[in-house]
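What follows is a single structure, written as structure tokens, with notes after it.
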Amino acid sequence: MATQLFVTCLVDAFYPEVGEATVAVLERAGDTVAFPVDQTCCGQPAFNVGMRDEARAMAVHTLSVLDATEGPIVVPSGSCADMIVHHYADLFEDDPESAGRAARVAGRVRELTQYLVDDKGRSDLGTACDGCTATYHPSCHGLRNLGIRAQPEALLDATPGMTRVDLPDAENCCGFGGLFAVEMPDVSVAMMETKIANIEKSGADMLVGVDVSCLMHLAGGLHRRGSPIRVRHIAQILAGAPDDD
Amino acid sequence: MTTEVPVTFLGRVRRDRALGIVAPINAGARLINGRRIEEAAGYPQMESMRDRTRAIRLDALGRLDELLARFAGRVEAGGGHVYFAATGDEAADYIRALASREGVSTIVKSKSMVTEEIELNEALEHDGLETVETDLGEFIIQLAGEKPSHIIAPVLHKTRQQIGALFAERLDVPYTDDPTELNAIARTHLREIFLAADMGISGCNMAIADTGSIVLVTNEGNGRLTTTAPRIHVVVMGMERIVESMPDAATVLEVLARSATGQRLSVYTNVITGPRRPADPDGPEQLHVVILDNGRSQTLAGSEAEILACIRCGACLNVCPVYREVGGHAYGFTYSGPIGAVLTPSLQGLDTWHELPYASTLCGACEDVCPVRIQIPQMLLSLRARSAEEGNLPGWLRRGIRIYARAATRPARFRRLLKAGGLAGRVLAKEGWIEKAPSHGAAWTGARDLPQPATRSFHQRWKEQNRGT
């Protein structure tokens with residue numbers, strides 16, 4: 001049975017190399033990967049600004065695509081996985097049929113590192129990252145709603161050649177927050193500055209995360225200030241392609 | 001010169017960051033948060049006490065009418081008076097009438113957020129009543145003519161140097177920024193006022209239905225003086241402050257100070273039951289309890305009812321990465337931080353306060369630390385849904401999401417949208433980065449570069465590799 005990849009809209013549009021790295025990692029773990037081609041966006045942007053009708057329509061579409069498949073659904077994002085796992089239920093309080101479908105799909109959805117470590121027992125994929133000093137930023141939704149932190153840290157710790165250093169105040173939000181980043185730019189940027197200061201304090205030359213959303217915000221801030229710190233999704237490390245962008 | 005008060009959240013954020021009052025709040029919030037973490041580490045029962053506190057508070061909210069009636073009956077049986085005020089004005093009018101009837105001229109107050117909520121001081125001063133805040137923080141705020149920036153540490157936005165300068169100017173004392181000396185100055189100044197005061201007004205951390213008691217926790221002796229020295233004691237309490245029994249109150253006390261300041265208990269825990277009894281050597285002759293609704297009934301009937309379970313510890317403020325970067329005044333009302341972002345629009349309506357639920361990244365740190373396990377992010381989301389339904393979203397955002405949602409429910413159209421994004425990226429980007437995005441994207445690129453959208457999306461690359469579905 002194939003593993004279904006839900007790649008997320010941001011990876012699809014901005015970071016196809018992260019999608020390809022995710023496929024490579026899953027194949028390295030022994031899976032056959034399928035990509036349901038009609039997938040688009042989970043609906044979180046609409047849900048988070050309060051436009052529930054639009055979010056519901058996107059959820060209905062996503063469910064129809066995913067429910068037509070079988071096997072685990074792997075998402076290279078804690079935030080999008082959390083949307084499907086926890087918030088679809090909020091959208092279908094008055095629609096038992098869709099709610100049932102949402103529960104069925106939610107039961108199959110896993111964030112990438114959760115799938116590798118918790119489900120497949122693979123915290124050692126054997127890919128090296130020579131001379132890498134990385135720090136891990138635990139993105140909030142994955143951390144608090146799905147319990148994702150130990151899994152990516154274990155994967156990084158098992159990566160030959162990599163030194164993982166602690167990120168001070170790691171669980172403090174980076175300030176991305178979806179549309180918050182453009183609705184409240186001053187606040188978003190102030191939070192980003194705090195996070196970047198901590199990344200710099202960590203001594204890492206690489207920032208690793210499991211959500212490209214937070215990473216694109218932080219990478220944008222680091223690039224603006226001319227920082228040499230590289231920003232990578234964990235799939236890129238595990239696929240042995242940290243320089244592929 | 002008149003100073004215009006910024007009407008938007010972001011406007012207030014910009015004002016306060018420019019004023020430099022956010023940095024001390026950030027430092028203070030982190031300090032208090034650190035103390036909470038330290039204390040919790042030595043208290044393994046914290047998690048189970050949080051569960052019990054939540055159960056106690058939700059049970060009380062579910063039986064509010066019954067418990068309030070029982071409480072009022074006990075207060076009256078003990079010789080106190082109870083007044084139910086539907087609005088802040090009604091509460092203030094009751095107290096003003098009482099002051100006038102009793103010939104009151106000087107009033108002392110202990111720290112109370114609910115009287116800030118109803119702007120009681122302004123109403124009393126309007127009647128020419130000298131009203132003096134006696135909590136050190138509130139005293140400073142009153143001298144400066146400002147508002148609290150934190151629900152338990154109202155003066156978190158001021159440095160001790162600023163407080164020293166304020167005292168020197170307003171109290172005619174030599175400048176000092178030594179906290180002990182500043183405290184002594186306030187104490188000396190307030191002592192005379194305490195002795196002259198006819199009425200003391202306090203808030204109420206909890207009201208106990210079974211006994212008709214008021215629980216008041218403070219870290220300064222001013223709470224005791226306020227409630228015992230003057231001949232009239234007035235309690236103003238939000239109608240949700242009730243718990244059923246003394247053991248219930250004891251459970252809440254287990255988590256309250258720990259969550260608020262990392263103390264096991266605050267320095268003073270007062271349980272006040274009735275006015276002075278015949279055998280008592282001192283205490284107030286009269287006790288009046290004003291029980292305030294002011295939007296709470298409406299909140300109780302809505303989807304944010306649980307927010308009324310809040311015990312006002314302030315832990316969610318201290319841990320909130322947004323609060324730390326914007327300070328308390330940006331929230332525009334008495335209650336700041338995550339609790340304020342839910343409570344203010346719930347009590348006062350989304351018409352005026354529709355921005356507040358958006359002043360959050362939904363990171364969930366607040367829910368992690370809330371001693372009552374209030375699901376604050378979930379409530380922010382439900383408030384956002386209501387606000388969007390009521391038409392409060394900016395047009396560009398509403399239109400943008402509509403267009404995006406239409407595309408995201410039609411795969412072919414979604415592909416075209418990503419393709420268009422890729423083309424735009426090629427025009428706008430230099431070496432993979434966009435430094436100046438057009439339209440509302442400029443809010444992103446003000447201080448961050450935007451990565452160039454991929455020329456070929458993942459979907460397209462997958463298709464080109466003929467990998468099928």
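If you're wondering about the labels, chains in the structure tokens are A, B, ... by order shown, residues count from 1 in each chain, ligands from 1 in order shown.
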List every residue of chain B that has an atom at most 6 Å from any atom of chain A, giving for each one its closest atom pair and the distance in Å to one decimal, counting only C-alpha atoms, sorted by chain and then by ascending residue number, as JSON lines.
```
{"residue": "B:Thr361", "atom": "CA", "partner": "A:Gly177", "partner_atom": "CA", "distance": 4.2}
{"residue": "B:Cys363", "atom": "CA", "partner": "A:Cys140", "partner_atom": "CA", "distance": 5.1}
{"residue": "B:Arg384", "atom": "CA", "partner": "A:Gly50", "partner_atom": "CA", "distance": 4.5}
{"residue": "B:Ala385", "atom": "CA", "partner": "A:Gly50", "partner_atom": "CA", "distance": 3.7}
{"residue": "B:Ala388", "atom": "CA", "partner": "A:Gly50", "partner_atom": "CA", "distance": 5.6}
{"residue": "B:Ala405", "atom": "CA", "partner": "A:Glu54", "partner_atom": "CA", "distance": 5.7}
{"residue": "B:Ala408", "atom": "CA", "partner": "A:Thr40", "partner_atom": "CA", "distance": 5.3}
{"residue": "B:Thr409", "atom": "CA", "partner": "A:Met58", "partner_atom": "CA", "distance": 5.7}
{"residue": "B:Pro411", "atom": "CA", "partner": "A:Asp38", "partner_atom": "CA", "distance": 5.4}
{"residue": "B:Leu418", "atom": "CA", "partner": "A:Ala13", "partner_atom": "CA", "distance": 5.9}
{"residue": "B:Ala443", "atom": "CA", "partner": "A:Val182", "partner_atom": "CA", "distance": 5.1}
{"residue": "B:Trp444", "atom": "CA", "partner": "A:Val182", "partner_atom": "CA", "distance": 5.5}
{"residue": "B:Arg448", "atom": "CA", "partner": "A:Gly221", "partner_atom": "CA", "distance": 4.4}
{"residue": "B:Asp449", "atom": "CA", "partner": "A:Gly220", "partner_atom": "CA", "distance": 4.3}
{"residue": "B:Leu450", "atom": "CA", "partner": "A:Gly220", "partner_atom": "CA", "distance": 5.6}
{"residue": "B:Pro453", "atom": "CA", "partner": "A:Phe14", "partner_atom": "CA", "distance": 4.5}
{"residue": "B:Ala454", "atom": "CA", "partner": "A:Phe14", "partner_atom": "CA", "distance": 5.0}
{"residue": "B:Ser457", "atom": "CA", "partner": "A:Ala13", "partner_atom": "CA", "distance": 5.2}
{"residue": "B:Phe458", "atom": "CA", "partner": "A:Pro16", "partner_atom": "CA", "distance": 4.2}
{"residue": "B:Thr469", "atom": "CA", "partner": "A:Phe35", "partner_atom": "CA", "distance": 5.0}
```
Would you write out those residues with C-alpha atoms, as a PDB file, in the first residue's frame?
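again_37.pdb, freshly written:
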```pdb
ATOM      1  CA  THR B 361      -0.270  33.749  16.206  1.00  0.00           C
ATOM      2  CA  CYS B 363       0.846  29.516  19.143  1.00  0.00           C
ATOM      3  CA  ARG B 384     -12.514  35.431  14.411  1.00  0.00           C
ATOM      4  CA  ALA B 385     -15.246  33.397  12.738  1.00  0.00           C
ATOM      5  CA  ALA B 388     -15.596  37.720   9.785  1.00  0.00           C
ATOM      6  CA  ALA B 405     -10.538  29.357  -1.866  1.00  0.00           C
ATOM      7  CA  ALA B 408      -8.181  25.668  -4.068  1.00  0.00           C
ATOM      8  CA  THR B 409     -11.460  23.890  -4.695  1.00  0.00           C
ATOM      9  CA  PRO B 411      -7.427  21.862  -9.000  1.00  0.00           C
ATOM     10  CA  LEU B 418       0.678  28.677  -8.862  1.00  0.00           C
ATOM     11  CA  ALA B 443       3.829  44.201   4.725  1.00  0.00           C
ATOM     12  CA  TRP B 444       5.933  41.053   4.400  1.00  0.00           C
ATOM     13  CA  ARG B 448      11.929  40.313   5.517  1.00  0.00           C
ATOM     14  CA  ASP B 449      12.773  39.081   2.050  1.00  0.00           C
ATOM     15  CA  LEU B 450      10.251  36.832   0.382  1.00  0.00           C
ATOM     16  CA  PRO B 453       7.818  31.336  -5.811  1.00  0.00           C
ATOM     17  CA  ALA B 454       8.995  28.253  -7.656  1.00  0.00           C
ATOM     18  CA  SER B 457       5.630  23.857  -8.684  1.00  0.00           C
ATOM     19  CA  PHE B 458       6.030  20.508  -6.964  1.00  0.00           C
ATOM     20  CA  THR B 469      -0.649   9.240  -8.743  1.00  0.00           C
TER      21      THR B 469
END
```
Exercise. Write down as a PyMOL selection string the residues belonging to range 107-136 of chain B that are assigned alpha helix (DSSP H) by DSSP computed on the backbone.
Key: chain B and resi 113-117+120-126+136
Practice problem: Identify all residues of range 259-298 of chain B in strand (DSSP E or B) (DSSP on the backbone) and supply them as a VMD selection string. | Solution: chain B and resid 268 to 272 286 to 292
Once you have the residues from the selection above, write them out as a PDB file, in the first residue's frame, restricted to C-alpha atoms.
```pdb
ATOM      1  CA  TYR B 268      -1.714  37.981  52.342  1.00  0.00           C
ATOM      2  CA  THR B 269      -4.715  35.745  51.846  1.00  0.00           C
ATOM      3  CA  ASN B 270      -7.729  37.453  53.375  1.00  0.00           C
ATOM      4  CA  VAL B 271     -11.034  35.716  53.922  1.00  0.00           C
ATOM      5  CA  ILE B 272     -13.570  38.361  54.819  1.00  0.00           C
ATOM      6  CA  GLN B 286     -20.851  48.274  56.822  1.00  0.00           C
ATOM      7  CA  LEU B 287     -20.081  45.771  54.094  1.00  0.00           C
ATOM      8  CA  HIS B 288     -21.512  46.206  50.600  1.00  0.00           C
ATOM      9  CA  VAL B 289     -20.946  43.683  47.846  1.00  0.00           C
ATOM     10  CA  VAL B 290     -21.594  44.943  44.331  1.00  0.00           C
ATOM     11  CA  ILE B 291     -21.945  42.022  41.937  1.00  0.00           C
ATOM     12  CA  LEU B 292     -21.301  43.137  38.390  1.00  0.00           C
TER      13      LEU B 292
END
```
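Here CA of Ala197 in chain A is placed at a distance of 22.9 Å from CA of Pro242 in chain A.
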Self-check item: Residue contacts of range 151-159 of chain A (7 Å, only C-alpha atoms) excluding same-chain residues fewer than 4 positions away, as number ranges by chain
Solution: A: 113-114, 117, 123-124, 126-129, 164
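Within 10 Å of Gly107 in chain A, once only C-alpha atoms are used and residues closer than 4 positions along the same chain are dropped, the contacting residues are Pro72, Ile73, Ile84, Val85, Arg101, Ala102 and Ala103 of chain A.
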Exercise. Point out the residue among A:Met162, A:Ala150, A:Cys214, A:Cys132 with the least atom-to-atom distance to Ile229 in chain A, counting only C-alpha atoms.
Key: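 Selected residue with least distance to Ile229 in chain A: A:Cys132.
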Which residues are close to range 234-248 of chain B, i.e. within 8 Å by only C-alpha atoms, leaving aside same-chain residues fewer than 2 positions away? Reply as a JSON list (two decimals) with C-alpha atoms, in the first residue's frame.
```json
[["chain", "number", "residue", "atom", "x", "y", "z"],
["B", 53, "THR", "CA", -9.41, 23.99, 39.46],
["B", 56, "ILE", "CA", -14.42, 23.74, 40.18],
["B", 57, "ARG", "CA", -14.60, 26.83, 37.99],
["B", 60, "ALA", "CA", -19.51, 27.21, 39.34],
["B", 61, "LEU", "CA", -20.18, 28.79, 35.94],
["B", 64, "LEU", "CA", -23.96, 30.65, 38.63],
["B", 67, "LEU", "CA", -24.43, 29.96, 43.79],
["B", 68, "LEU", "CA", -24.82, 33.73, 43.56],
["B", 95, "ILE", "CA", -21.40, 53.40, 45.26],
["B", 114, "VAL", "CA", -12.98, 45.12, 37.76],
["B", 115, "THR", "CA", -13.09, 48.72, 39.01],
["B", 199, "MET", "CA", -14.73, 54.07, 52.62],
["B", 200, "GLY", "CA", -12.52, 51.28, 51.37],
["B", 201, "ILE", "CA", -13.15, 49.69, 47.98],
["B", 202, "SER", "CA", -11.66, 46.33, 47.10],
["B", 203, "GLY", "CA", -12.01, 43.80, 44.35],
["B", 204, "CYS", "CA", -12.54, 40.14, 45.00],
["B", 205, "ASN", "CA", -10.48, 37.16, 43.87],
["B", 206, "MET", "CA", -13.15, 34.71, 44.89],
["B", 207, "ALA", "CA", -16.52, 34.76, 46.59],
["B", 208, "ILE", "CA", -17.55, 31.67, 48.53],
["B", 209, "ALA", "CA", -21.22, 30.76, 48.19],
["B", 210, "ASP", "CA", -21.48, 28.53, 51.27],
["B", 211, "THR", "CA", -20.11, 31.09, 53.70],
["B", 232, "ILE", "CA", -17.50, 51.20, 55.07],
["B", 250, "ALA", "CA", -8.47, 26.44, 48.83],
["B", 251, "THR", "CA", -7.91, 24.42, 45.66],
["B", 252, "VAL", "CA", -7.98, 27.53, 43.47],
["B", 287, "LEU", "CA", -20.08, 45.77, 54.09],
["B", 288, "HIS", "CA", -21.51, 46.21, 50.60],
["B", 289, "VAL", "CA", -20.95, 43.68, 47.85],
["B", 290, "VAL", "CA", -21.59, 44.94, 44.33],
["B", 291, "ILE", "CA", -21.94, 42.02, 41.94],
["B", 292, "LEU", "CA", -21.30, 43.14, 38.39],
["B", 293, "ASP", "CA", -22.65, 41.73, 35.15],
["B", 296, "ARG", "CA", -20.88, 38.67, 31.50],
["B", 308, "LEU", "CA", -15.26, 33.46, 32.60],
["B", 309, "ALA", "CA", -13.50, 30.59, 34.40],
["B", 311, "ILE", "CA", -8.88, 33.37, 37.84]]
```
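Taking CA of Phe6 in chain A and CA of Arg108 in chain A as the two end points, the separation is 11.4 Å.
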Self-check item: Residue contacts of Gly73 in chain B (8 Å, only C-alpha atoms) excluding same-chain residues fewer than 4 positions away, as a ChimeraX atom specification
Solution: /B:69,77,212
If we count only C-alpha atoms and set the cut-off at 10 Å, which residues sit around Gln142 in chain B, ignoring sequence neighbours fewer than 5 positions away in its own chain? Please answer as a compact mmCIF listing (two decimals) with C-alpha atoms, in the first residue's frame.
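What ended up in part_8.txt:
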```txt
# COMPACT_ATOMS: atom_id res chain seq x y z
CA ASN B 121 -12.37 56.19 39.91
CA THR B 131 -10.25 58.38 45.63
CA VAL B 132 -6.78 57.03 46.32
CA GLU B 133 -5.26 53.81 45.01
CA THR B 134 -3.21 52.14 47.74
CA LEU B 136 1.87 50.48 45.14
CA GLY B 137 1.55 49.74 41.44
CA LYS B 147 -3.62 52.64 32.80
CA PRO B 148 -2.37 49.26 34.01
```
